[in-house]
file final12.txt (compact mmCIF, C-alpha atoms)
# COMPACT_ATOMS: atom_id res chain seq x y z
CA MET A 648 -13.39 -19.22 20.77
CA LYS A 649 -10.25 -17.78 22.37
CA ILE A 650 -6.88 -16.53 21.16
CA THR A 651 -4.28 -18.98 22.50
CA SER A 652 -1.09 -17.69 20.89
CA ILE A 653 0.23 -15.26 18.30
CA ASP A 654 3.20 -15.97 16.03
CA VAL A 655 5.16 -12.96 14.77
CA MET A 656 7.19 -13.93 11.72
CA GLN A 657 9.85 -12.13 9.73
CA VAL A 658 9.72 -13.61 6.23
CA PRO A 659 13.19 -14.13 4.70
CA SER A 660 14.13 -12.08 1.68
CA GLY A 661 14.70 -15.15 -0.48
CA ASN A 662 18.34 -14.35 -1.14
CA ALA A 663 20.71 -17.26 -0.56
CA GLY A 664 22.20 -17.05 2.91
CA SER A 665 20.19 -13.97 3.78
CA LYS A 666 17.37 -13.60 6.26
CA ARG A 667 16.58 -9.91 6.19
CA GLY A 668 17.00 -8.24 2.82
CA ALA A 669 15.56 -5.12 1.24
CA TRP A 670 12.20 -6.91 1.08
CA SER A 671 11.17 -8.97 4.10
CA PRO A 672 7.58 -8.67 5.35
CA VAL A 673 6.53 -8.96 8.99
CA ILE A 674 3.60 -11.40 9.19
CA VAL A 675 1.38 -12.26 12.16
CA ARG A 676 -0.54 -15.50 12.69
CA VAL A 677 -3.21 -15.43 15.38
CA ASN A 678 -4.05 -18.93 16.69
CA THR A 679 -7.21 -20.05 18.50
CA ASP A 680 -8.40 -22.91 20.68
CA GLU A 681 -10.64 -24.13 17.84
CA GLY A 682 -7.75 -24.73 15.47
CA ILE A 683 -8.48 -21.71 13.27
CA SER A 684 -5.60 -19.33 12.56
CA GLY A 685 -5.66 -15.97 10.82
CA PHE A 686 -2.91 -14.14 8.93
CA GLY A 687 -2.15 -10.43 8.86
CA GLU A 688 0.76 -8.17 7.95
CA ALA A 689 2.52 -5.13 9.40
CA GLY A 690 3.15 -2.74 6.51
CA LEU A 691 6.91 -2.46 6.97
CA ALA A 692 8.19 -4.82 4.28
CA TYR A 693 10.49 -2.11 2.91
CA GLY A 694 12.34 0.95 4.16
CA LYS A 695 13.48 1.26 7.77
CA GLY A 696 11.41 0.33 10.80
CA TRP A 697 10.82 -3.41 10.48
CA ARG A 698 12.49 -4.25 13.82
CA ALA A 699 10.15 -1.86 15.59
CA GLY A 700 7.21 -3.41 13.75
CA PHE A 701 8.36 -6.90 14.66
CA GLY A 702 8.55 -5.83 18.28
CA ILE A 703 5.32 -3.86 18.56
CA VAL A 704 3.26 -6.78 17.31
CA GLN A 705 4.75 -8.90 20.10
CA ASP A 706 3.92 -6.25 22.68
CA PHE A 707 0.36 -5.84 21.44
CA ALA A 708 -0.11 -9.61 21.22
CA GLU A 709 0.41 -9.86 24.98
CA ALA A 710 -2.62 -7.61 25.50
CA ILE A 711 -5.10 -9.88 23.72
CA ILE A 712 -4.17 -13.48 24.60
CA GLY A 713 -7.36 -15.14 25.88
CA GLU A 714 -9.68 -12.72 24.07
CA ASN A 715 -12.48 -13.82 21.74
CA PRO A 716 -11.13 -13.16 18.21
CA MET A 717 -14.65 -12.69 16.87
CA LYS A 718 -14.96 -9.46 18.87
CA ILE A 719 -12.85 -7.50 16.42
CA GLU A 720 -14.07 -4.01 17.33
CA LYS A 721 -13.47 -4.66 21.04
CA ILE A 722 -9.92 -5.85 20.38
CA TRP A 723 -9.21 -2.84 18.14
CA GLU A 724 -10.32 -0.53 20.95
CA THR A 725 -8.22 -2.48 23.44
CA LEU A 726 -5.08 -2.02 21.34
CA PHE A 727 -5.87 1.61 20.68
CA ARG A 728 -6.93 2.73 24.16
CA LYS A 729 -5.49 0.31 26.70
CA THR A 730 -1.86 -0.07 25.61
CA PHE A 731 -1.12 3.62 26.36
CA TRP A 732 0.91 4.20 23.18
CA GLY A 733 -1.91 2.96 20.96
CA MET A 734 -3.50 6.40 21.11
CA GLY A 735 -0.15 7.99 20.24
CA GLY A 736 -0.39 6.82 16.66
CA GLY A 737 2.39 6.78 14.11
CA THR A 738 3.66 4.27 11.58
CA VAL A 739 4.88 1.52 13.91
CA ILE A 740 1.97 1.64 16.37
CA ASN A 741 -0.61 1.47 13.61
CA ALA A 742 1.32 -1.25 11.76
CA GLY A 743 1.01 -3.42 14.87
CA ILE A 744 -2.71 -2.78 15.25
CA SER A 745 -3.22 -3.39 11.53
CA ALA A 746 -1.44 -6.74 11.44
CA ILE A 747 -3.50 -8.15 14.29
CA ASP A 748 -6.76 -6.70 12.99
CA ILE A 749 -6.36 -8.25 9.52
CA ALA A 750 -5.65 -11.63 11.11
CA LEU A 751 -8.84 -11.37 13.19
CA TRP A 752 -10.94 -10.73 10.09
CA ASP A 753 -9.26 -13.74 8.49
CA ILE A 754 -10.27 -15.87 11.49
CA LYS A 755 -13.84 -14.61 11.42
CA GLY A 756 -14.25 -15.31 7.74
CA LYS A 757 -12.82 -18.81 8.12
CA ALA A 758 -14.99 -19.54 11.16
CA LEU A 759 -18.14 -18.51 9.28
CA GLY A 760 -17.03 -20.03 5.97
CA VAL A 761 -17.23 -16.79 3.96
CA PRO A 762 -14.84 -14.29 2.35
CA VAL A 763 -14.23 -11.14 4.38
CA TYR A 764 -16.05 -9.05 1.77
CA GLU A 765 -19.29 -10.76 2.76
CA LEU A 766 -18.78 -9.63 6.36
CA LEU A 767 -18.18 -6.04 5.20
CA GLY A 768 -21.46 -5.74 3.31
CA GLY A 769 -20.96 -7.82 0.19
CA LYS A 770 -19.64 -6.99 -3.25
CA THR A 771 -20.20 -3.60 -4.80
CA ASN A 772 -17.56 -4.36 -7.42
CA GLU A 773 -17.52 -7.70 -9.26
CA LYS A 774 -14.15 -7.03 -10.89
CA LEU A 775 -11.36 -4.60 -10.06
CA ARG A 776 -9.45 -2.47 -12.54
CA VAL A 777 -5.70 -2.65 -11.92
CA TYR A 778 -2.75 -0.41 -12.69
CA ALA A 779 0.91 -1.35 -13.19
CA SER A 780 2.83 0.41 -10.45
CA GLN A 781 6.37 1.85 -10.24
CA LEU A 782 7.40 1.58 -13.87
CA GLN A 783 10.56 3.63 -13.25
CA PHE A 784 11.98 0.33 -11.94
CA ASN A 785 11.02 -1.44 -15.19
CA TRP A 786 8.31 -4.11 -15.53
CA GLY A 787 8.15 -7.89 -15.67
CA GLU A 788 8.93 -11.01 -13.64
CA LYS A 789 12.60 -10.91 -14.59
CA ILE A 790 14.19 -7.54 -15.18
CA ASP A 791 17.83 -6.61 -15.67
CA LYS A 792 17.91 -2.82 -15.68
CA GLN A 793 16.09 -1.25 -12.71
CA THR A 794 17.03 2.39 -13.25
CA LEU A 795 15.29 3.94 -16.26
CA ILE A 796 16.80 7.18 -17.53
CA THR A 797 16.01 8.06 -21.15
CA PRO A 798 12.58 8.91 -22.61
CA GLU A 799 12.85 5.86 -24.88
CA GLU A 800 13.31 3.60 -21.84
CA TYR A 801 10.14 5.07 -20.34
CA ALA A 802 8.34 4.53 -23.63
CA GLU A 803 9.52 0.91 -23.79
CA VAL A 804 8.40 0.06 -20.26
CA THR A 805 5.01 1.58 -21.09
CA ARG A 806 4.70 -0.72 -24.08
CA LYS A 807 5.51 -3.71 -21.84
CA ALA A 808 2.71 -2.87 -19.40
CA VAL A 809 0.20 -2.16 -22.16
CA ALA A 810 1.08 -5.48 -23.80
CA ASP A 811 0.19 -7.15 -20.47
CA GLY A 812 -3.28 -5.66 -20.72
CA TYR A 813 -2.99 -2.67 -18.36
CA THR A 814 -4.93 0.46 -19.24
CA CYS A 815 -3.37 2.45 -16.41
CA ILE A 816 0.23 2.80 -15.21
CA LYS A 817 2.09 4.65 -12.46
CA VAL A 818 5.58 6.11 -12.60
CA ASP A 819 7.90 8.24 -10.51
CA PRO A 820 9.58 10.29 -13.26
CA ILE A 821 11.79 12.34 -10.93
CA ILE A 822 13.43 9.77 -8.64
CA PHE A 823 16.35 9.17 -11.04
CA SER A 824 18.49 11.98 -12.44
CA ASP A 825 19.31 12.51 -16.08
CA ARG A 826 22.78 10.99 -15.58
CA PRO A 827 23.46 7.48 -16.94
CA ASP A 828 23.46 5.99 -13.42
CA GLY A 829 20.44 7.98 -12.25
CA LYS A 830 22.48 9.76 -9.59
CA GLY A 831 24.65 12.86 -9.61
CA ASP A 832 23.60 16.50 -9.25
CA TRP A 833 19.79 16.39 -9.13
CA LYS A 834 18.00 18.75 -6.76
CA ILE A 835 14.26 17.98 -6.68
CA THR A 836 13.06 20.52 -4.15
CA GLY A 837 12.10 23.83 -5.64
CA PRO A 838 12.50 26.12 -7.34
CA LEU A 839 13.63 23.55 -9.88
CA GLU A 840 16.25 23.89 -12.59
CA LYS A 841 14.84 23.92 -16.09
CA ARG A 842 16.67 20.68 -16.98
CA VAL A 843 14.89 18.84 -14.16
CA ILE A 844 11.46 19.94 -15.35
CA ARG A 845 12.37 19.19 -18.97
CA THR A 846 13.66 15.70 -18.12
CA VAL A 847 10.50 14.82 -16.19
CA TYR A 848 8.24 16.17 -18.93
CA ASP A 849 10.09 14.34 -21.70
CA ARG A 850 9.86 11.03 -19.82
CA VAL A 851 6.14 11.32 -19.22
CA LYS A 852 5.50 12.59 -22.75
CA ALA A 853 7.27 9.51 -24.11
CA MET A 854 4.97 7.31 -22.01
CA ARG A 855 1.88 9.16 -23.21
CA GLU A 856 2.91 8.76 -26.85
CA ALA A 857 3.82 5.08 -26.40
CA GLY A 858 0.60 4.25 -24.54
CA GLY A 859 -1.81 6.32 -26.58
CA ASP A 860 -4.51 8.80 -25.60
CA ASP A 861 -6.65 6.25 -23.73
CA LEU A 862 -3.90 5.14 -21.32
CA ASP A 863 -4.28 6.58 -17.82
CA ILE A 864 -1.02 7.71 -16.20
CA ILE A 865 -0.53 8.22 -12.46
CA ILE A 866 2.40 10.39 -11.44
CA GLU A 867 4.14 9.40 -8.19
CA MET A 868 6.48 11.73 -6.28
CA HIS A 869 7.05 9.61 -3.13
CA SER A 870 6.92 12.89 -1.17
CA ASN A 871 10.46 13.63 -2.34
CA THR A 872 9.41 16.97 -3.82
CA ASP A 873 8.35 19.95 -1.72
CA THR A 874 5.36 22.21 -2.39
CA THR A 875 7.19 24.55 -4.77
CA ALA A 876 8.68 21.75 -6.86
CA ALA A 877 5.41 19.80 -6.89
CA VAL A 878 3.52 22.79 -8.25
CA GLN A 879 6.13 23.33 -10.97
CA ILE A 880 6.11 19.67 -12.04
CA GLY A 881 2.34 19.36 -11.82
CA GLN A 882 1.71 22.44 -13.94
CA ALA A 883 4.27 21.27 -16.51
CA LEU A 884 2.50 17.90 -16.86
CA GLU A 885 -1.09 19.15 -17.07
CA ASP A 886 -1.30 18.94 -20.86
CA LEU A 887 -0.37 15.22 -20.74
CA ARG A 888 -3.69 14.36 -19.02
CA ILE A 889 -2.55 12.84 -15.76
CA PHE A 890 -5.02 10.54 -13.96
CA TYR A 891 -3.86 11.69 -10.52
CA TYR A 892 -0.80 13.08 -8.76
CA GLU A 893 0.43 10.95 -5.84
CA GLU A 894 2.31 12.20 -2.78
CA PRO A 895 3.53 15.44 -4.38
CA ALA A 896 4.54 16.52 -0.86
CA HIS A 897 4.67 14.77 2.50
CA PRO A 898 1.41 14.66 4.49
CA LEU A 899 2.67 16.14 7.76
CA ASN A 900 1.42 19.60 6.75
CA PRO A 901 -2.05 19.29 5.18
CA GLY A 902 -1.89 22.92 4.05
CA ASN A 903 0.90 22.08 1.62
CA LEU A 904 -1.21 19.51 -0.22
CA LEU A 905 -4.10 21.97 -0.28
CA GLU A 906 -1.85 24.57 -1.92
CA ILE A 907 -0.77 22.07 -4.57
CA HIS A 908 -4.41 21.11 -5.19
CA ASN A 909 -5.35 24.76 -5.63
CA LYS A 910 -2.54 25.45 -8.11
CA VAL A 911 -2.41 22.24 -10.17
CA ASN A 912 -5.26 21.01 -12.37
CA ILE A 913 -4.68 17.33 -11.58
CA PRO A 914 -6.44 15.31 -8.83
CA ILE A 915 -4.20 14.89 -5.77
CA ALA A 916 -3.67 11.53 -4.01
CA SER A 917 -1.98 10.52 -0.77
CA GLY A 918 -2.44 8.14 2.12
CA GLU A 919 0.15 5.42 2.66
CA ARG A 920 1.70 7.63 5.38
CA ILE A 921 -1.61 8.81 6.83
CA TYR A 922 -3.07 6.68 9.62
CA THR A 923 -6.54 6.17 11.13
CA ARG A 924 -9.68 8.23 10.51
CA TRP A 925 -8.24 10.97 12.74
CA GLY A 926 -5.26 11.31 10.45
CA TYR A 927 -7.45 11.54 7.35
CA ARG A 928 -10.00 13.95 8.82
CA GLU A 929 -8.30 17.26 7.95
CA PHE A 930 -7.38 16.17 4.40
CA LEU A 931 -11.02 15.31 3.72
CA GLU A 932 -12.43 18.40 5.36
CA ASN A 933 -10.13 20.79 3.48
CA ARG A 934 -10.65 18.76 0.27
CA SER A 935 -6.94 18.73 -0.53
CA LEU A 936 -7.19 15.07 -1.62
CA GLN A 937 -9.38 13.67 -4.38
CA VAL A 938 -8.01 10.13 -4.05
CA ILE A 939 -7.04 8.56 -0.72
CA GLN A 940 -4.60 5.66 -0.53
CA PRO A 941 -4.82 3.96 2.88
CA ASP A 942 -2.60 0.94 3.41
CA LEU A 943 -4.54 -1.74 5.29
CA CYS A 944 -1.31 -2.88 6.95
CA LEU A 945 -0.59 0.62 8.30
CA CYS A 946 -3.78 2.64 8.67
CA GLY A 947 -5.37 0.49 11.39
CA GLY A 948 -6.30 -2.68 9.55
CA ILE A 949 -9.52 -3.63 7.79
CA THR A 950 -11.63 -2.33 10.69
CA GLU A 951 -10.23 1.19 10.45
CA ALA A 952 -9.79 1.26 6.67
CA LYS A 953 -13.50 0.60 6.11
CA LYS A 954 -14.32 3.59 8.32
CA ILE A 955 -11.79 5.79 6.55
CA CYS A 956 -13.13 4.85 3.12
CA ASP A 957 -16.75 5.40 4.14
CA MET A 958 -15.79 8.78 5.58
CA ALA A 959 -14.04 9.64 2.30
CA ASN A 960 -17.21 8.79 0.39
CA THR A 961 -18.97 11.58 2.28
CA TYR A 962 -16.53 14.02 0.64
CA ASP A 963 -16.75 12.52 -2.89
CA CYS A 964 -13.23 11.20 -2.48
CA ALA A 965 -12.17 8.08 -4.39
CA VAL A 966 -10.18 5.20 -2.88
CA GLN A 967 -7.15 3.33 -4.15
CA ILE A 968 -5.80 1.02 -1.46
CA HIS A 969 -2.02 1.26 -1.19
CA VAL A 970 -0.53 -2.21 -1.74
CA CYS A 971 3.20 -2.67 -1.35
CA GLY A 972 3.68 -5.77 0.76
CA SER A 973 3.51 -9.53 0.63
CA PRO A 974 0.64 -11.49 -0.97
CA ILE A 975 -1.05 -11.31 2.46
CA SER A 976 -1.48 -7.54 2.14
CA LYS A 977 -2.71 -7.89 -1.43
CA ALA A 978 -5.36 -10.46 -0.49
CA ALA A 979 -6.66 -8.26 2.33
CA ALA A 980 -6.85 -5.25 -0.01
CA LEU A 981 -8.88 -7.18 -2.60
CA GLN A 982 -11.45 -8.11 0.06
CA LEU A 983 -12.05 -4.49 1.06
CA GLU A 984 -11.94 -3.10 -2.47
CA ALA A 985 -14.70 -5.49 -3.49
CA VAL A 986 -17.05 -3.69 -1.11
CA LEU A 987 -16.25 0.01 -1.61
CA PRO A 988 -18.60 2.12 -3.76
CA ASN A 989 -15.86 4.78 -4.06
CA PHE A 990 -13.17 2.30 -5.19
CA ILE A 991 -11.33 3.54 -8.27
CA ILE A 992 -8.42 1.21 -9.07
CA HIS A 993 -6.12 -1.46 -7.53
CA GLU A 994 -2.36 -1.06 -7.26
CA HIS A 995 -0.26 -3.92 -8.67
CA HIS A 996 3.30 -3.19 -7.63
CA GLN A 997 6.36 -4.23 -9.62
CA ARG A 998 7.43 -6.26 -6.55
CA ALA A 999 4.19 -8.28 -6.79
CA LEU A 1000 5.63 -9.88 -9.94
CA ASN A 1001 8.70 -11.17 -8.08
CA PRO A 1002 8.64 -14.99 -8.20
CA GLU A 1003 10.28 -15.31 -4.75
CA SER A 1004 7.62 -13.14 -3.10
CA ARG A 1005 4.80 -14.94 -4.92
CA ALA A 1006 6.11 -18.31 -3.74
CA THR A 1007 5.83 -17.37 -0.06
CA CYS A 1008 2.04 -17.90 -0.02
CA LEU A 1009 -0.39 -20.66 -0.96
CA TYR A 1010 -2.17 -18.77 -3.75
CA ASP A 1011 -0.72 -16.64 -6.52
CA TYR A 1012 -3.35 -14.01 -7.26
CA GLN A 1013 -2.43 -12.07 -10.39
CA PRO A 1014 -4.54 -9.79 -12.60
CA VAL A 1015 -5.47 -10.84 -16.12
CA ASN A 1016 -5.53 -8.14 -18.80
CA GLY A 1017 -5.46 -5.45 -16.13
CA ILE A 1018 -8.43 -6.87 -14.18
CA TYR A 1019 -8.60 -8.71 -10.85
CA GLU A 1020 -11.19 -11.32 -10.11
CA ILE A 1021 -11.97 -11.21 -6.40
CA PRO A 1022 -10.96 -14.36 -4.47
CA ASP A 1023 -13.88 -16.11 -2.78
CA ARG A 1024 -11.99 -18.33 -0.34
CA PRO A 1025 -12.99 -17.94 3.34
CA GLY A 1026 -11.30 -15.15 5.28
CA ILE A 1027 -8.83 -13.04 3.33
CA GLY A 1028 -8.10 -16.08 1.18
CA GLN A 1029 -4.33 -16.19 1.67
CA GLU A 1030 -1.76 -17.85 3.95
CA LEU A 1031 1.98 -18.36 4.11
CA THR A 1032 3.09 -21.76 2.86
CA PRO A 1033 4.33 -24.27 5.48
CA GLU A 1034 7.78 -24.08 3.88
CA THR A 1035 7.87 -20.30 4.24
CA ILE A 1036 6.79 -20.54 7.87
CA ARG A 1037 9.63 -22.95 8.59
CA LYS A 1038 12.12 -20.44 7.17
CA CYS A 1039 10.82 -17.47 9.15
CA ASP A 1040 12.40 -15.97 12.23
CA THR A 1041 9.45 -16.43 14.59
CA VAL A 1042 8.54 -15.28 18.10
CA THR A 1043 5.46 -16.84 19.69
CA ILE A 1044 3.47 -14.98 22.32
CA ASP A 1045 1.20 -17.16 24.44
CA THR A 1046 1.15 -15.43 27.82
CA PRO A 1047 -1.14 -12.47 28.47
CA LYS A 1048 0.23 -9.25 29.94
CA LYS A 1049 -1.91 -6.18 30.49
CA TYR A 1050 -0.28 -2.79 30.29
CA MET A 1051 -2.70 -0.56 32.17
call {"tool": "encode", "arguments": {"input": "final12.txt", "output": "structure tokens"}}
result
Amino acid sequence: MKITSIDVMQVPSGNAGSKRGAWSPVIVRVNTDEGISGFGEAGLAYGKGWRAGFGIVQDFAEAIIGENPMKIEKIWETLFRKTFWGMGGGTVINAGISAIDIALWDIKGKALGVPVYELLGGKTNEKLRVYASQLQFNWGEKIDKQTLITPEEYAEVTRKAVADGYTCIKVDPIIFSDRPDGKGDWKITGPLEKRVIRTVYDRVKAMREAGGDDLDIIIEMHSNTDTTAAVQIGQALEDLRIFYYEEPAHPLNPGNLLEIHNKVNIPIASGERIYTRWGYREFLENRSLQVIQPDLCLCGGITEAKKICDMANTYDCAVQIHVCGSPISKAAALQLEAVLPNFIIHEHHQRALNPESRATCLYDYQPVNGIYEIPDRPGIGQELTPETIRKCDTVTIDTPKKYM
């Protein structure tokens, strides 16, 4: 089997007359001479950087035309070591490697007629516990208000998620100010004003009271707080029994997360902006993280994520795969999570409820009562629909070009 061409596709946002909106995933389809194609995703569906991701996948695709897609480890090493910038790392480089790698696992599973989890060692977990993610933006398939301000609004969104069967939720209680529009004077790097700490505490307390003692609550900071502010917020929330504390500071200085861990009695989580096993090494060795959150579409793909998660297991570190992309990224995450002995919970993002995003792919995998059944279709078990593919801006690479 040989790779004959690679399609790099920018999925339209779904808005009338709009191609690239605030949410437009970059998808790769790797095609072979045996008629089997595999799908993967570069983890740049949001934020800035998608053009670079769209381009780097094209560049990397040129390096592997004609290769045997079943030799996944060899191709990963080719992209990492023989493209020069592959060893430089970073978000865009690793997004490109990840997209191609996921597609290769999809091909291998399809060629052998088995789900990817069988190729990774088989199921450790028959079912996956799920949490409702990003409740500060509200919850549900159709939502009007997307900026929650008052404690009662946070209590109400908690009741919505619990009614859907979730026993765990995640919220960023500091991203919006206490003003009616969520903006205004709101400094969230420390030392913090008392009103900021009080507002955050009151929001989370309202969620705890609405959800009851058995509800697990994950606090998300999106790295918008610094070390001082994160310690203040974390210590203020300790009595509300927080499941874990996500991205309380950015991961570029591992010592900062270690300081937060040492001063706050809540498990610390991070990982969506940490890439490859080399990036995770120091966080595991200094034990600043108790939960890692690699994104398969950013950390180096399924090949690298499995190594990262196994390495984390050596340090008694739990795994929650970061999932904030199209249904392609979700399907890939479910395959890996099925295998991991240190899996803790699956992230179900508010965006995953969006009907337009769900309609881009053949299968609509959704949790039931806060639990995911693991898909058993061959490969990752997900593809873009033919209609979606027709709407994509697509560049096809079918000519090899070596870089070194």
call {"tool": "residues_around", "arguments": {"input": "final12.txt", "residues": "Thr797 (chain A)", "least_positions_apart": "6", "cutoff": "9 Å", "atoms": "all atoms listed in the file", "output": "list in words"}}
result
Asp825, Pro827, Thr846, Asp849 and Arg850 of chain A
call {"tool": "atom_distance", "arguments": {"input": "final12.txt", "atom1": "CA of Asn933 (chain A)", "atom2": "CA of Tyr962 (chain A)"}}
result
9.7 Å
call {"tool": "residues_around", "arguments": {"input": "final12.txt", "residues": "region 689-697 of chain A", "least_positions_apart": "2", "cutoff": "10 Å", "atoms": "all atoms listed in the file", "output": "VMD selection string"}}
result
chain A and resid 655 657 to 658 660 667 to 675 687 699 to 704 738 to 747 749 919 942 to 948 970 to 973 975 to 976
call {"tool": "write_last_selection", "arguments": {"input": "final12.txt", "atoms": "C-alpha atoms", "output": "PDB file, keeping the file's coordinate frame"}}
result
ATOM      1  CA  VAL A 655       5.160 -12.960  14.770  1.00  0.00           C
ATOM      2  CA  GLN A 657       9.850 -12.130   9.730  1.00  0.00           C
ATOM      3  CA  VAL A 658       9.720 -13.610   6.230  1.00  0.00           C
ATOM      4  CA  SER A 660      14.130 -12.080   1.680  1.00  0.00           C
ATOM      5  CA  ARG A 667      16.580  -9.910   6.190  1.00  0.00           C
ATOM      6  CA  GLY A 668      17.000  -8.240   2.820  1.00  0.00           C
ATOM      7  CA  ALA A 669      15.560  -5.120   1.240  1.00  0.00           C
ATOM      8  CA  TRP A 670      12.200  -6.910   1.080  1.00  0.00           C
ATOM      9  CA  SER A 671      11.170  -8.970   4.100  1.00  0.00           C
ATOM     10  CA  PRO A 672       7.580  -8.670   5.350  1.00  0.00           C
ATOM     11  CA  VAL A 673       6.530  -8.960   8.990  1.00  0.00           C
ATOM     12  CA  ILE A 674       3.600 -11.400   9.190  1.00  0.00           C
ATOM     13  CA  VAL A 675       1.380 -12.260  12.160  1.00  0.00           C
ATOM     14  CA  GLY A 687      -2.150 -10.430   8.860  1.00  0.00           C
ATOM     15  CA  ALA A 699      10.150  -1.860  15.590  1.00  0.00           C
ATOM     16  CA  GLY A 700       7.210  -3.410  13.750  1.00  0.00           C
ATOM     17  CA  PHE A 701       8.360  -6.900  14.660  1.00  0.00           C
ATOM     18  CA  GLY A 702       8.550  -5.830  18.280  1.00  0.00           C
ATOM     19  CA  ILE A 703       5.320  -3.860  18.560  1.00  0.00           C
ATOM     20  CA  VAL A 704       3.260  -6.780  17.310  1.00  0.00           C
ATOM     21  CA  THR A 738       3.660   4.270  11.580  1.00  0.00           C
ATOM     22  CA  VAL A 739       4.880   1.520  13.910  1.00  0.00           C
ATOM     23  CA  ILE A 740       1.970   1.640  16.370  1.00  0.00           C
ATOM     24  CA  ASN A 741      -0.610   1.470  13.610  1.00  0.00           C
ATOM     25  CA  ALA A 742       1.320  -1.250  11.760  1.00  0.00           C
ATOM     26  CA  GLY A 743       1.010  -3.420  14.870  1.00  0.00           C
ATOM     27  CA  ILE A 744      -2.710  -2.780  15.250  1.00  0.00           C
ATOM     28  CA  SER A 745      -3.220  -3.390  11.530  1.00  0.00           C
ATOM     29  CA  ALA A 746      -1.440  -6.740  11.440  1.00  0.00           C
ATOM     30  CA  ILE A 747      -3.500  -8.150  14.290  1.00  0.00           C
ATOM     31  CA  ILE A 749      -6.360  -8.250   9.520  1.00  0.00           C
ATOM     32  CA  GLU A 919       0.150   5.420   2.660  1.00  0.00           C
ATOM     33  CA  ASP A 942      -2.600   0.940   3.410  1.00  0.00           C
ATOM     34  CA  LEU A 943      -4.540  -1.740   5.290  1.00  0.00           C
ATOM     35  CA  CYS A 944      -1.310  -2.880   6.950  1.00  0.00           C
ATOM     36  CA  LEU A 945      -0.590   0.620   8.300  1.00  0.00           C
ATOM     37  CA  CYS A 946      -3.780   2.640   8.670  1.00  0.00           C
ATOM     38  CA  GLY A 947      -5.370   0.490  11.390  1.00  0.00           C
ATOM     39  CA  GLY A 948      -6.300  -2.680   9.550  1.00  0.00           C
ATOM     40  CA  VAL A 970      -0.530  -2.210  -1.740  1.00  0.00           C
ATOM     41  CA  CYS A 971       3.200  -2.670  -1.350  1.00  0.00           C
ATOM     42  CA  GLY A 972       3.680  -5.770   0.760  1.00  0.00           C
ATOM     43  CA  SER A 973       3.510  -9.530   0.630  1.00  0.00           C
ATOM     44  CA  ILE A 975      -1.050 -11.310   2.460  1.00  0.00           C
ATOM     45  CA  SER A 976      -1.480  -7.540   2.140  1.00  0.00           C
TER      46      SER A 976
END
call {"tool": "closest_residue", "arguments": {"input": "final12.txt", "among": "A:Gly858, A:Gly787, A:Pro820, A:Pro1047", "to": "Tyr892 (chain A)", "atoms": "all atoms listed in the file"}}
result
A:Pro820
call {"tool": "residues_near_point", "arguments": {"input": "final12.txt", "point": "(-2.3, 0.9, -2.5)", "cutoff": "6 Å", "atoms": "only C-alpha atoms", "output": "count of residues only"}}
result
7
call {"tool": "residues_around", "arguments": {"input": "final12.txt", "residues": "region 711-728 of chain A", "least_positions_apart": "2", "cutoff": "6 Å", "atoms": "all atoms listed in the file", "output": "PDB file with C-alpha atoms, in the coordinates of the input"}}
result
ATOM      1  CA  MET A 648     -13.390 -19.220  20.770  1.00  0.00           C
ATOM      2  CA  LYS A 649     -10.250 -17.780  22.370  1.00  0.00           C
ATOM      3  CA  ILE A 650      -6.880 -16.530  21.160  1.00  0.00           C
ATOM      4  CA  THR A 651      -4.280 -18.980  22.500  1.00  0.00           C
ATOM      5  CA  ALA A 708      -0.110  -9.610  21.220  1.00  0.00           C
ATOM      6  CA  GLU A 709       0.410  -9.860  24.980  1.00  0.00           C
ATOM      7  CA  THR A 730      -1.860  -0.070  25.610  1.00  0.00           C
ATOM      8  CA  GLY A 733      -1.910   2.960  20.960  1.00  0.00           C
ATOM      9  CA  MET A 734      -3.500   6.400  21.110  1.00  0.00           C
ATOM     10  CA  LEU A 751      -8.840 -11.370  13.190  1.00  0.00           C
ATOM     11  CA  LYS A 755     -13.840 -14.610  11.420  1.00  0.00           C
ATOM     12  CA  PRO A1047      -1.140 -12.470  28.470  1.00  0.00           C
TER      13      PRO A1047
END
call {"tool": "closest_residue", "arguments": {"input": "final12.txt", "among": "A:Arg845, A:Arg998, A:Lys1048, A:Arg1037", "to": "Phe707 (chain A)", "atoms": "only C-alpha atoms"}}
result
A:Lys1048
call {"tool": "closest_residue", "arguments": {"input": "final12.txt", "among": "A:Ile949, A:Val763, A:Ile865, A:Ile913", "to": "Asp748 (chain A)", "atoms": "only C-alpha atoms"}}
result
A:Ile949
call {"tool": "atom_distance", "arguments": {"input": "final12.txt", "atom1": "CA of Ala802 (chain A)", "atom2": "CA of His897 (chain A)"}}
result
28.3 Å
call {"tool": "atom_distance", "arguments": {"input": "final12.txt", "atom1": "CA of Asn871 (chain A)", "atom2": "CA of Trp833 (chain A)"}}
result
11.9 Å
call {"tool": "closest_residue", "arguments": {"input": "final12.txt", "among": "A:Tyr1012, A:Tyr813, A:Tyr764, A:Phe731", "to": "Ala779 (chain A)", "atoms": "only C-alpha atoms"}}
result
A:Tyr813
call {"tool": "closest_residue", "arguments": {"input": "final12.txt", "among": "A:Leu905, A:Ile992, A:Val911, A:Cys815", "to": "Met854 (chain A)", "atoms": "only C-alpha atoms"}}
result
A:Cys815
call {"tool": "closest_residue", "arguments": {"input": "final12.txt", "among": "A:Gln1013, A:Asn903, A:Thr814, A:Ser1004", "to": "Thr1035 (chain A)", "atoms": "all atoms listed in the file"}}
result
A:Ser1004
